[in-house]
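Note: the block below is model19.txt and it holds compact mmCIF, C-alpha atoms.
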# COMPACT_ATOMS: atom_id res chain seq x y z
CA MET A 1 119.53 165.29 118.05
CA GLY A 2 120.69 166.89 121.26
CA TRP A 3 122.19 165.37 124.38
CA TRP A 4 121.85 166.91 127.83
CA LYS A 5 123.51 166.16 131.12
CA VAL A 6 121.19 165.08 133.94
CA GLN A 7 121.57 167.66 136.69
CA GLU A 8 124.09 166.72 139.39
CA THR A 9 125.06 163.43 137.67
CA GLU A 10 127.33 162.13 134.93
CA ASP A 11 124.28 160.74 133.07
CA VAL A 12 123.01 162.07 129.74
CA VAL A 13 119.65 162.01 127.94
CA SER A 14 118.61 162.95 124.42
CA ASP A 15 115.49 164.17 122.69
CA GLU A 16 115.71 161.45 120.02
CA VAL A 17 116.05 158.66 122.58
CA PHE A 18 113.14 160.16 124.52
CA SER A 19 111.05 160.15 121.34
CA ILE A 20 111.83 156.48 120.73
CA LEU A 21 110.84 155.61 124.29
CA ARG A 22 107.71 157.75 124.02
CA VAL A 23 106.58 155.89 120.88
CA ALA A 24 107.28 152.53 122.53
CA THR A 25 105.30 153.40 125.66
CA LYS A 26 102.36 154.60 123.56
CA GLU A 27 102.43 151.32 121.61
CA VAL A 28 102.43 149.32 124.86
CA ALA A 29 99.52 151.35 126.24
CA GLU A 30 97.58 150.94 122.99
CA ARG A 31 98.13 147.17 123.06
CA TYR A 32 96.80 146.97 126.63
CA GLU A 33 93.77 149.05 125.60
CA ARG A 34 93.06 146.69 122.68
CA GLU A 35 93.64 143.50 124.67
CA PHE A 36 92.24 144.44 128.09
CA GLY A 37 90.30 147.68 127.58
CA ARG A 38 92.56 149.53 130.01
CA PRO A 39 96.05 150.99 130.28
CA PRO A 40 98.81 148.93 131.91
CA SER A 41 98.98 149.13 135.70
CA ARG A 42 101.97 150.48 137.58
CA SER A 43 103.09 146.94 138.48
CA GLU A 44 102.77 145.87 134.83
CA TRP A 45 104.95 148.81 133.74
CA GLN A 46 107.48 147.97 136.44
CA ARG A 47 107.65 144.33 135.35
CA LEU A 48 107.91 145.25 131.66
CA ILE A 49 110.73 147.73 132.29
CA HIS A 50 112.55 145.36 134.65
CA ASP A 51 112.40 142.54 132.12
CA ALA A 52 113.41 144.85 129.25
CA LEU A 53 116.55 145.87 131.17
CA GLU A 54 117.73 142.30 131.62
CA PRO A 55 120.77 141.53 129.43
CA VAL A 56 120.02 139.60 126.26
CA GLU A 57 122.28 136.54 125.89
CA GLU A 58 122.56 136.92 122.10
CA LEU A 59 123.93 140.45 122.42
CA GLU A 60 126.78 139.42 124.69
CA SER A 61 129.85 138.11 122.88
CA THR A 62 133.58 138.62 122.88
CA GLU A 63 133.21 140.94 119.88
CA VAL A 64 130.36 143.09 121.24
CA GLU A 65 130.56 144.86 124.58
CA SER A 66 127.60 144.11 126.84
CA LEU A 67 124.83 146.69 126.86
CA PHE A 68 125.24 146.86 130.61
CA VAL A 69 128.67 147.36 132.10
CA GLU A 70 129.28 145.27 135.22
CA ASN A 71 127.71 146.92 138.29
CA SER A 72 126.25 149.81 136.27
CA ARG A 73 122.88 148.29 135.27
CA PRO A 74 120.02 149.83 137.22
CA CYS A 75 118.98 147.62 140.11
CA ALA A 76 115.63 149.39 140.51
CA VAL A 77 113.31 151.54 138.47
CA GLU A 78 111.01 154.10 140.05
CA ILE A 79 107.98 155.04 138.00
CA THR A 80 105.75 157.99 138.82
CA LEU A 81 102.46 158.21 136.99
CA GLU A 82 100.53 161.45 136.90
CA SER A 83 97.12 162.27 135.52
CA ILE A 84 97.17 164.45 132.44
CA ASP A 85 94.54 167.13 132.01
CA LYS A 86 93.42 166.41 128.44
CA THR A 87 91.15 169.50 128.35
CA LYS A 88 94.15 171.80 127.84
Conversion result in structure tokens:
Amino acid sequence: MGWWKVQETEDVVSDEVFSILRVATKEVAERYEREFGRPPSRSEWQRLIHDALEPVEELESTEVESLFVENSRPCAVEITLESIDKTK
């Protein structure tokens, strides 16, 4: 697994974490296709991601540091969806 710095920031990303997120997004899209016959809309993705980033009460204790450090949790998520040319 490799970690890379996000250009002009102190943030880092990794190929393994990307792969986990990729699998999860595919599973969500497949569930929407099965249930509704369509992929999730932009607003559905935004709501899902927003809700997923909310702290989970059970994870916060005096023994375990919160997943989100005070004032560092994202306050907004911008999602850009692009069409993929599947003929390539």
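Every protein or nucleic acid residue with an atom no more than 12 Å from range 21-28 of chain A, counting only C-alpha atoms and leaving out same-chain residues fewer than 6 positions away, appears here: Val13, Ser14, Asp15, Arg34, Glu35, Phe36, Arg38, Pro39, Pro40, Ser41, Glu44, Trp45, Leu48, Ile49 and Ala52 of chain A.
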- Task: Go ahead and compute the interatomic distance for CA of Asp11 in chain A and CA of Leu53 in chain A, in Å to one decimal.
- Result: 16.9 Å
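The two atoms in question, CA of Glu16 in chain A and CA of Met1 in chain A, are spaced 5.8 Å apart.
One finds CA of His50 in chain A at 21.5 Å from CA of Val6 in chain A.
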